[in-house]
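A.B. asks: To be precise about what I am sending: the file is called protein-v9.txt and holds compact mmCIF, C-alpha atoms.
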```txt
# COMPACT_ATOMS: atom_id res chain seq x y z
CA MET Q 1 33.88 -11.90 -37.97
CA PRO Q 2 36.66 -13.16 -35.72
CA ASP Q 3 36.62 -16.77 -34.59
CA ILE Q 4 36.01 -15.91 -30.93
CA LYS Q 5 36.26 -19.51 -29.75
CA PHE Q 6 39.69 -19.91 -31.36
CA LEU Q 7 40.88 -16.52 -30.09
CA LEU Q 8 39.76 -17.44 -26.58
CA LYS Q 9 41.78 -20.63 -26.77
CA ILE Q 10 44.85 -18.70 -27.95
CA SER Q 11 44.44 -16.30 -24.99
CA ARG Q 12 44.79 -19.25 -22.56
CA PRO Q 13 41.81 -18.62 -20.18
CA ARG Q 14 43.44 -20.87 -17.57
CA PHE Q 15 46.22 -18.26 -17.36
CA TRP Q 16 44.04 -15.12 -17.33
CA ILE Q 17 44.47 -14.87 -13.58
CA TYR Q 18 48.21 -14.32 -14.10
CA VAL Q 19 47.41 -10.85 -15.48
CA PHE Q 20 44.04 -10.07 -13.93
CA GLY Q 21 45.13 -11.23 -10.46
CA PRO Q 22 48.04 -8.76 -10.11
CA TYR Q 23 45.77 -6.01 -11.45
CA ILE Q 24 43.08 -6.42 -8.77
CA ILE Q 25 45.73 -6.94 -6.09
CA GLY Q 26 47.27 -3.63 -7.14
CA LEU Q 27 43.86 -1.97 -6.93
CA ALA Q 28 43.23 -3.40 -3.46
CA ALA Q 29 46.71 -2.45 -2.19
CA ALA Q 30 46.09 1.22 -3.03
CA ALA Q 31 42.37 1.41 -2.18
CA GLU Q 32 41.13 3.30 0.86
CA ASN Q 33 37.50 2.19 0.54
CA ILE Q 34 35.50 -0.32 -1.47
CA SER Q 35 34.34 2.29 -3.99
CA ASP Q 36 37.94 2.60 -5.27
CA LEU Q 37 37.53 -0.84 -6.84
CA TYR Q 38 34.47 0.15 -8.87
CA THR Q 39 35.47 3.36 -10.61
CA PHE Q 40 35.00 3.60 -14.37
CA GLY Q 41 38.76 3.31 -14.96
CA ALA Q 42 39.07 0.27 -12.67
CA LEU Q 43 36.23 -1.55 -14.42
CA LEU Q 44 37.42 -0.57 -17.90
CA PHE Q 45 40.90 -1.93 -17.41
CA GLY Q 46 39.57 -4.88 -15.46
CA ALA Q 47 38.02 -5.90 -18.78
CA TYR Q 48 41.30 -5.20 -20.57
CA PHE Q 49 43.41 -7.35 -18.27
CA LEU Q 50 41.11 -10.30 -18.86
CA PHE Q 51 40.84 -11.10 -22.57
CA PRO Q 52 42.64 -8.40 -24.67
CA ALA Q 53 45.86 -8.33 -22.61
CA ASN Q 54 46.12 -12.11 -22.62
CA LEU Q 55 45.41 -12.30 -26.34
CA LEU Q 56 48.34 -9.89 -26.77
CA ILE Q 57 50.76 -11.91 -24.64
CA TYR Q 58 49.95 -15.37 -25.95
CA GLY Q 59 48.97 -14.36 -29.47
CA ILE Q 60 52.35 -12.70 -30.06
CA ASN Q 61 53.97 -15.74 -28.49
CA ASP Q 62 52.15 -18.12 -30.86
CA ILE Q 63 52.98 -15.99 -33.90
CA PHE Q 64 56.72 -16.22 -33.25
CA ASP Q 65 56.88 -19.73 -31.75
CA TYR Q 66 55.56 -21.95 -34.53
CA GLU Q 67 58.81 -23.86 -35.10
CA THR Q 68 59.02 -24.99 -31.49
CA ASP Q 69 55.26 -25.21 -30.89
CA LYS Q 70 54.79 -27.81 -33.65
CA ARG Q 71 57.15 -30.11 -31.70
CA ASN Q 72 55.58 -29.40 -28.31
CA GLU Q 73 53.15 -31.92 -26.81
CA LYS Q 74 51.44 -29.10 -24.86
CA LYS Q 75 50.04 -27.84 -28.17
CA ARG Q 76 48.16 -31.08 -28.74
CA GLY Q 77 44.99 -30.46 -26.78
CA TYR Q 78 46.28 -28.60 -23.72
CA GLU Q 79 46.93 -25.48 -25.81
CA THR Q 80 46.44 -24.68 -29.51
CA LEU Q 81 48.79 -24.43 -32.46
CA VAL Q 82 48.65 -21.30 -34.62
CA GLU Q 83 49.49 -22.18 -38.22
CA PRO Q 84 51.60 -19.71 -40.27
CA ASP Q 85 48.71 -18.77 -42.58
CA TYR Q 86 46.72 -17.48 -39.58
CA ARG Q 87 49.44 -15.16 -38.24
CA ARG Q 88 48.45 -12.01 -40.11
CA ARG Q 89 44.80 -12.36 -39.15
CA LEU Q 90 45.73 -13.02 -35.52
CA LEU Q 91 47.92 -9.90 -35.44
CA LEU Q 92 44.97 -7.90 -36.77
CA TYR Q 93 42.71 -9.21 -33.98
CA ILE Q 94 45.36 -8.45 -31.35
CA CYS Q 95 45.45 -4.83 -32.55
CA LEU Q 96 41.66 -4.67 -32.80
CA PHE Q 97 41.15 -5.69 -29.17
CA ASN Q 98 44.12 -3.79 -27.66
CA ILE Q 99 44.35 -0.43 -29.41
CA PRO Q 100 41.08 1.03 -27.98
CA PHE Q 101 42.40 0.50 -24.43
CA ILE Q 102 45.81 1.93 -25.32
CA ILE Q 103 44.11 5.04 -26.68
CA ALA Q 104 41.98 5.30 -23.52
CA ALA Q 105 45.10 5.08 -21.33
CA CYS Q 106 46.57 8.10 -23.13
CA PHE Q 107 44.01 10.26 -21.28
CA PHE Q 108 45.30 9.04 -17.89
CA PRO Q 109 48.20 10.52 -15.84
CA TRP Q 110 51.77 9.62 -16.81
CA THR Q 111 52.10 6.97 -14.09
CA GLN Q 112 49.36 4.82 -15.63
CA ILE Q 113 50.73 5.43 -19.14
CA ALA Q 114 54.21 4.33 -18.01
CA ALA Q 115 52.83 1.21 -16.29
CA LEU Q 116 50.82 0.18 -19.35
CA GLY Q 117 53.80 0.99 -21.58
CA GLY Q 118 55.98 -1.31 -19.48
CA PHE Q 119 53.40 -4.07 -19.75
CA LEU Q 120 53.18 -3.72 -23.53
CA PHE Q 121 56.97 -3.58 -24.00
CA PHE Q 122 57.76 -6.70 -21.97
CA SER Q 123 54.72 -8.61 -23.28
CA ILE Q 124 55.54 -8.00 -26.93
CA PHE Q 125 59.32 -8.31 -26.91
CA TYR Q 126 59.37 -11.40 -24.71
CA SER Q 127 58.44 -13.24 -27.92
CA ALA Q 128 58.89 -10.76 -30.77
CA LEU Q 129 61.97 -9.64 -32.65
CA PRO Q 130 64.32 -7.87 -32.41
CA ILE Q 131 64.71 -8.70 -28.71
CA ARG Q 132 62.88 -12.04 -28.47
CA ALA Q 133 63.88 -12.38 -24.83
CA LYS Q 134 62.44 -15.87 -24.53
CA THR Q 135 65.44 -17.21 -26.50
CA LYS Q 136 67.97 -15.60 -24.17
CA PRO Q 137 68.51 -17.46 -20.88
CA VAL Q 138 68.03 -15.35 -17.73
CA LEU Q 139 66.65 -12.45 -19.79
CA ASP Q 140 63.65 -14.68 -20.56
CA SER Q 141 62.82 -14.96 -16.86
CA VAL Q 142 63.55 -11.27 -16.19
CA PHE Q 143 61.12 -10.25 -18.95
CA ASN Q 144 58.33 -12.02 -17.08
CA ILE Q 145 58.12 -8.95 -14.91
CA LEU Q 146 55.44 -8.21 -17.51
CA TYR Q 147 53.05 -9.94 -15.09
CA VAL Q 148 53.89 -7.38 -12.39
CA PHE Q 149 52.96 -4.36 -14.50
CA PRO Q 150 49.18 -4.92 -14.31
CA GLY Q 151 49.58 -4.68 -10.53
CA ILE Q 152 51.60 -1.49 -10.88
CA PHE Q 153 48.95 -0.11 -13.24
CA GLY Q 154 46.13 -0.94 -10.79
CA TYR Q 155 48.02 0.61 -7.90
CA THR Q 156 48.73 3.84 -9.78
CA LEU Q 157 45.16 3.97 -11.06
CA VAL Q 158 43.89 4.31 -7.49
CA SER Q 159 46.72 6.14 -5.71
CA GLY Q 160 48.49 7.99 -8.50
CA ASN Q 161 51.80 6.69 -7.11
CA ILE Q 162 54.17 3.86 -8.00
CA PRO Q 163 54.10 0.91 -5.52
CA PRO Q 164 57.05 0.42 -3.13
CA LYS Q 165 60.14 -0.68 -5.05
CA LEU Q 166 60.76 -3.59 -2.66
CA ALA Q 167 57.27 -4.95 -3.35
CA ILE Q 168 57.93 -4.72 -7.11
CA PHE Q 169 61.23 -6.57 -6.65
CA GLY Q 170 59.57 -9.33 -4.60
CA ALA Q 171 56.80 -9.72 -7.15
CA GLY Q 172 59.42 -9.79 -9.92
CA LEU Q 173 61.19 -12.71 -8.23
CA TRP Q 174 57.84 -14.51 -8.04
CA THR Q 175 57.25 -14.08 -11.77
CA MET Q 176 60.81 -15.17 -12.58
CA ALA Q 177 60.19 -18.41 -10.72
CA MET Q 178 56.81 -18.80 -12.40
CA HIS Q 179 58.39 -18.45 -15.84
CA ALA Q 180 61.32 -20.76 -15.14
CA TYR Q 181 59.02 -23.47 -13.83
CA SER Q 182 56.69 -23.13 -16.83
CA ALA Q 183 59.68 -23.52 -19.17
CA ILE Q 184 60.56 -26.98 -17.84
CA PRO Q 185 57.91 -28.92 -19.85
CA ASP Q 186 59.21 -27.18 -23.01
CA ILE Q 187 62.85 -28.27 -22.60
CA SER Q 188 62.71 -31.10 -25.14
CA ALA Q 189 60.86 -29.12 -27.84
CA ASP Q 190 63.06 -26.05 -27.30
CA ARG Q 191 66.27 -28.07 -27.60
CA GLN Q 192 65.02 -29.72 -30.79
CA SER Q 193 64.31 -26.24 -32.18
CA LYS Q 194 67.72 -25.00 -30.97
CA ILE Q 195 66.06 -22.42 -28.70
CA SER Q 196 67.91 -21.50 -25.51
CA THR Q 197 65.93 -20.74 -22.36
CA ILE Q 198 66.66 -20.61 -18.65
CA ALA Q 199 65.38 -24.21 -18.47
CA THR Q 200 67.46 -25.57 -21.36
CA MET Q 201 70.53 -23.88 -19.87
CA LEU Q 202 70.07 -25.16 -16.31
CA GLY Q 203 68.22 -28.40 -17.03
CA THR Q 204 65.26 -29.62 -15.03
CA ARG Q 205 67.10 -30.02 -11.73
CA GLY Q 206 68.94 -26.70 -11.92
CA THR Q 207 65.78 -24.85 -12.92
CA LEU Q 208 63.89 -26.31 -9.97
CA PHE Q 209 66.64 -25.12 -7.62
CA LEU Q 210 66.39 -21.63 -9.14
CA CYS Q 211 62.60 -21.63 -8.69
CA PHE Q 212 62.94 -22.70 -5.07
CA PHE Q 213 65.43 -19.88 -4.38
CA CYS Q 214 63.29 -17.21 -6.09
CA TYR Q 215 60.10 -18.28 -4.34
CA ALA Q 216 61.84 -18.38 -0.95
CA LEU Q 217 63.37 -14.91 -1.35
CA SER Q 218 60.09 -13.51 -2.68
CA ALA Q 219 58.19 -14.93 0.30
CA ALA Q 220 60.69 -13.35 2.70
CA ILE Q 221 60.15 -9.97 1.03
CA LEU Q 222 56.37 -10.38 1.05
CA TYR Q 223 56.56 -10.95 4.80
CA LYS Q 224 57.24 -7.21 5.17
CA PHE Q 225 53.93 -6.41 3.46
CA ILE Q 226 51.49 -9.21 4.38
CA GLY Q 227 53.19 -10.87 7.33
CA LEU Q 228 53.04 -14.60 8.01
CA ALA Q 229 50.73 -15.15 5.04
CA GLY Q 230 53.64 -14.43 2.71
CA ILE Q 231 55.68 -17.21 4.31
CA LEU Q 232 52.76 -19.66 4.16
CA LEU Q 233 52.23 -18.93 0.48
CA GLY Q 234 55.95 -19.42 -0.12
CA ILE Q 235 55.77 -22.81 1.61
CA SER Q 236 52.98 -23.92 -0.76
CA TYR Q 237 55.21 -23.19 -3.77
CA ALA Q 238 58.19 -24.83 -2.10
CA ALA Q 239 56.06 -27.96 -1.68
CA MET Q 240 55.25 -27.89 -5.41
CA ILE Q 241 58.95 -27.66 -6.26
CA ILE Q 242 59.76 -30.58 -3.93
CA VAL Q 243 57.04 -32.73 -5.55
CA SER Q 244 58.45 -31.78 -8.96
CA PHE Q 245 61.90 -32.99 -7.87
CA VAL Q 246 60.33 -36.38 -7.11
CA PHE Q 247 58.43 -36.58 -10.40
CA GLN Q 248 61.29 -35.41 -12.63
CA LYS Q 249 62.94 -38.84 -12.65
CA SER Q 250 59.80 -40.52 -13.99
CA ASP Q 251 59.18 -37.80 -16.63
CA ARG Q 252 55.82 -37.03 -15.01
CA ILE Q 253 56.65 -33.45 -14.07
CA PHE Q 254 54.06 -32.24 -16.61
CA GLU Q 255 51.37 -33.79 -14.40
CA VAL Q 256 52.49 -31.49 -11.59
CA TYR Q 257 52.78 -28.55 -13.98
CA ARG Q 258 49.12 -28.92 -14.97
CA LEU Q 259 48.20 -28.09 -11.35
CA PHE Q 260 50.29 -24.90 -11.49
CA PRO Q 261 47.51 -22.58 -12.76
CA ALA Q 262 45.20 -23.77 -9.96
CA LEU Q 263 47.87 -23.02 -7.34
CA ASN Q 264 48.46 -19.57 -8.82
CA THR Q 265 44.72 -18.88 -8.86
CA ILE Q 266 44.31 -19.87 -5.21
CA THR Q 267 47.37 -17.81 -4.25
CA GLY Q 268 46.07 -14.75 -6.08
CA PHE Q 269 42.65 -15.11 -4.47
CA ILE Q 270 44.17 -15.32 -0.99
CA LEU Q 271 46.48 -12.34 -1.61
CA PHE Q 272 43.63 -10.20 -2.92
CA TRP Q 273 41.39 -10.84 0.08
CA LEU Q 274 44.19 -10.46 2.60
CA ILE Q 275 45.12 -7.09 1.16
CA ALA Q 276 41.51 -5.99 0.64
CA TYR Q 277 40.61 -6.94 4.21
CA SER Q 278 43.58 -5.10 5.73
CA LYS Q 279 43.09 -1.96 3.60
CA ILE Q 280 39.33 -1.64 3.32
CA VAL Q 281 37.36 -3.64 5.87
```
Mind converting the file's structure to structure tokens?

C.D. replies:
Amino acid sequence: MPDIKFLLKISRPRFWIYVFGPYIIGLAAAAENISDLYTFGALLFGAYFLFPANLLIYGINDIFDYETDKRNEKKRGYETLVEPDYRRRLLLYICLFNIPFIIAACFFPWTQIAALGGFLFFSIFYSALPIRAKTKPVLDSVFNILYVFPGIFGYTLVSGNIPPKLAIFGAGLWTMAMHAYSAIPDISADRQSKISTIATMLGTRGTLFLCFFCYALSAAILYKFIGLAGILLGISYAAMIIVSFVFQKSDRIFEVYRLFPALNTITGFILFWLIAYSKIV
């Protein structure tokens, strides 16, 4: 029997909203009535984008990241360290929980298959060889478009169409900023392990400037779709970046980073209800 408690910890429940949130936002953006959110397909993949999808993302990450993870303070309590002798078993559990949903998706139209395929490709090869995008500055942030694909999948599940390209671009900028900011606490461990990332390349200050730019441009694009709310959400992230600039000199930026999942959760909740209200109510 799998060690469910350990697998749950590997899947980072505090980050589940990063995948599940875009999925339900995509559903809401395409829905014409409330019943569109409760179809069999919507509920089935709602379950997938909670635990199995996150186990895939972070499990693959932990399998390939041992050398840097063992030097990373985040792995001492805040997250968990996957020892080398557990890798094969973890890979088996990742397959066990993901393959049934992949098979189910094969019975859907090509748009859903393509969206799920994109999610799987970017999720796996962000960490895995031969691409291992996380060790290639800029490409590491670009590959975090993986968090947009659940939204694309949800949208196509309801409408059968791909979302507007501008919306995908804006969301991609948001995820690039999210990745770059999350890479800052790992700078020391990554440099010790001789791993290059967007954050090791730009340093803390440069990475914060990049995050500010991406969030600002993303908010401007979102304005086209959700109006003033997009700007207000952008301001909340800009405030986080400004606070991080203050804390970087005292090496307390990790304290701000620990609030990041809460901010993303609140943002996702607001976006979902704004879109659901405008499309359904």

A.B. asks: CA of Leu50 in chain Q and CA of Ile162 in chain Q are how many Å apart?

C.D. replies: 22.1 Å

A.B. asks: What is the distance between CA of Gln112 in chain Q and CA of Pro163 in chain Q, in Å to one decimal?

C.D. replies: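 Pair CA of Gln112 in chain Q / CA of Pro163 in chain Q returns 11.8 Å.
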
A.B. asks: Skip range 62-65 of chain Q itself and residues of its chain fewer than 6 positions away, then list as a PyMOL selection string all residues within 9 Å of it, counting all atoms listed in the file.

C.D. replies: chain Q and resi 10+80-84+86-88+90-91+127-129+132

A.B. asks: Which of these residues is nearest to Gly154 in chain Q, using all atoms listed in the file: Q:Ile242, Q:Leu43, Q:Met178, Q:Ile34?

C.D. replies: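 That would be Q:Leu43, the residue with the smallest distance to Gly154 in chain Q.
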
A.B. asks: CA of Gly172 in chain Q and CA of Met201 in chain Q are how many Å apart?

C.D. replies: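 Taking CA of Gly172 in chain Q as the start and CA of Met201 in chain Q as the end point, the length is 20.5 Å.
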
A.B. asks: Which residue, Q:Ala167, Q:Leu210, Q:Val158, Q:Ala262, has the smallest gap to Thr111 in chain Q when you use only C-alpha atoms?

C.D. replies: Q:Val158

A.B. asks: Find the residue from Q:Ile124, Q:Leu157, Q:Val19, Q:Leu55 that sits nearest to Ala42 in chain Q; use all atoms listed in the file when measuring.

C.D. replies: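 Among Q:Ile124, Q:Leu157, Q:Val19, Q:Leu55, it is Q:Leu157 that comes nearest to Ala42 in chain Q.
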
A.B. asks: Name the closest residue to Ala220 in chain Q among the candidates Q:Phe269, Q:Trp174, Q:Phe245, Q:Tyr257; distances are taken between atoms, counting all atoms listed in the file.

C.D. replies: Q:Trp174

A.B. asks: Counting all atoms listed in the file, figure out which residue out of Q:Gly117, Q:Thr200, Q:Cys214, Q:Tyr48 gets nearest to Val142 in chain Q.

C.D. replies: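 Looking only at the distances to Val142 in chain Q, the closest residue turns out to be Q:Cys214.
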
A.B. asks: Residues at most 10 Å from Ile25 in chain Q, counting only C-alpha atoms, excluding those fewer than 2 positions away in the same chain, as a ChimeraX atom specification?

C.D. replies: /Q:20-23,27-31,150-152,154-155,268-276

A.B. asks: Mind checking which residues fall within 12 Å of Phe209 in chain Q, counting only C-alpha atoms, ignoring those fewer than 4 positions away in the same chain, and posting them as a list in words?

C.D. replies: Ala177, Ala180, Tyr181, Ile198, Ala199, Leu202, Gly203, Thr204, Arg205, Phe213, Cys214, Tyr215, Ala216, Ala238, Met240, Ile241, Ile242, Ser244 and Phe245 of chain Q

A.B. asks: Export, as an mmCIF file, in the coordinates of the input, the selected residues with C-alpha atoms.

C.D. replies:
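That gives us selection-v5.cif:
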```
data_model
loop_
_atom_site.group_PDB
_atom_site.id
_atom_site.type_symbol
_atom_site.label_atom_id
_atom_site.label_comp_id
_atom_site.auth_asym_id
_atom_site.auth_seq_id
_atom_site.Cartn_x
_atom_site.Cartn_y
_atom_site.Cartn_z
ATOM 1 C CA ALA Q 177 60.190 -18.410 -10.720
ATOM 2 C CA ALA Q 180 61.320 -20.760 -15.140
ATOM 3 C CA TYR Q 181 59.020 -23.470 -13.830
ATOM 4 C CA ILE Q 198 66.660 -20.610 -18.650
ATOM 5 C CA ALA Q 199 65.380 -24.210 -18.470
ATOM 6 C CA LEU Q 202 70.070 -25.160 -16.310
ATOM 7 C CA GLY Q 203 68.220 -28.400 -17.030
ATOM 8 C CA THR Q 204 65.260 -29.620 -15.030
ATOM 9 C CA ARG Q 205 67.100 -30.020 -11.730
ATOM 10 C CA PHE Q 213 65.430 -19.880 -4.380
ATOM 11 C CA CYS Q 214 63.290 -17.210 -6.090
ATOM 12 C CA TYR Q 215 60.100 -18.280 -4.340
ATOM 13 C CA ALA Q 216 61.840 -18.380 -0.950
ATOM 14 C CA ALA Q 238 58.190 -24.830 -2.100
ATOM 15 C CA MET Q 240 55.250 -27.890 -5.410
ATOM 16 C CA ILE Q 241 58.950 -27.660 -6.260
ATOM 17 C CA ILE Q 242 59.760 -30.580 -3.930
ATOM 18 C CA SER Q 244 58.450 -31.780 -8.960
ATOM 19 C CA PHE Q 245 61.900 -32.990 -7.870
#
```

A.B. asks: Quick one: residues within 7 Å of Gly170 in chain Q, all atoms listed in the file counted, chain neighbours fewer than 3 positions away excluded, as a ChimeraX atom specification?

C.D. replies: /Q:166-167,173-174,218,221-222

A.B. asks: Could you check which of Q:Ser35, Q:Thr135, Q:Asn54, Q:Thr267 is closest to Arg191 in chain Q, using all atoms listed in the file?

C.D. replies: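 Using all atoms listed in the file, Arg191 in chain Q sits closest to Q:Thr135.
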
A.B. asks: My structure is short of atoms at range 80-95 of chain Q; please model N, CA and C atoms there, returning them as a short mmCIF file (atom, residue, chain, number, x, y, z; two decimals), in the frame of the given file.

C.D. replies:
```cif
data_model
loop_
_atom_site.label_atom_id
_atom_site.label_comp_id
_atom_site.auth_asym_id
_atom_site.auth_seq_id
_atom_site.Cartn_x
_atom_site.Cartn_y
_atom_site.Cartn_z
N THR Q 80 46.75 -24.60 -28.08
CA THR Q 80 46.44 -24.68 -29.51
C THR Q 80 47.62 -24.23 -30.34
N LEU Q 81 47.70 -24.76 -31.55
CA LEU Q 81 48.79 -24.43 -32.46
C LEU Q 81 48.30 -23.44 -33.51
N VAL Q 82 49.00 -22.32 -33.63
CA VAL Q 82 48.65 -21.30 -34.62
C VAL Q 82 49.48 -21.55 -35.88
N GLU Q 83 48.81 -21.91 -36.96
CA GLU Q 83 49.49 -22.18 -38.22
C GLU Q 83 49.96 -20.86 -38.85
N PRO Q 84 51.04 -20.93 -39.67
CA PRO Q 84 51.60 -19.71 -40.27
C PRO Q 84 50.59 -18.88 -41.06
N ASP Q 85 49.64 -19.53 -41.75
CA ASP Q 85 48.71 -18.77 -42.58
C ASP Q 85 47.67 -18.00 -41.77
N TYR Q 86 47.67 -18.20 -40.44
CA TYR Q 86 46.72 -17.48 -39.58
C TYR Q 86 47.39 -16.30 -38.87
N ARG Q 87 48.70 -16.15 -39.01
CA ARG Q 87 49.44 -15.16 -38.24
C ARG Q 87 48.97 -13.73 -38.50
N ARG Q 88 48.82 -13.38 -39.78
CA ARG Q 88 48.45 -12.01 -40.11
C ARG Q 88 47.07 -11.67 -39.55
N ARG Q 89 46.14 -12.60 -39.67
CA ARG Q 89 44.80 -12.36 -39.15
C ARG Q 89 44.82 -12.24 -37.62
N LEU Q 90 45.62 -13.09 -36.98
CA LEU Q 90 45.73 -13.02 -35.52
C LEU Q 90 46.31 -11.68 -35.08
N LEU Q 91 47.33 -11.20 -35.78
CA LEU Q 91 47.92 -9.90 -35.44
C LEU Q 91 46.88 -8.79 -35.57
N LEU Q 92 46.03 -8.89 -36.58
CA LEU Q 92 44.97 -7.90 -36.77
C LEU Q 92 44.00 -7.92 -35.58
N TYR Q 93 43.63 -9.10 -35.12
CA TYR Q 93 42.71 -9.21 -33.98
C TYR Q 93 43.35 -8.71 -32.69
N ILE Q 94 44.65 -8.96 -32.53
CA ILE Q 94 45.36 -8.45 -31.35
C ILE Q 94 45.28 -6.92 -31.32
N CYS Q 95 45.53 -6.30 -32.46
CA CYS Q 95 45.45 -4.83 -32.55
C CYS Q 95 44.02 -4.36 -32.32
#
```
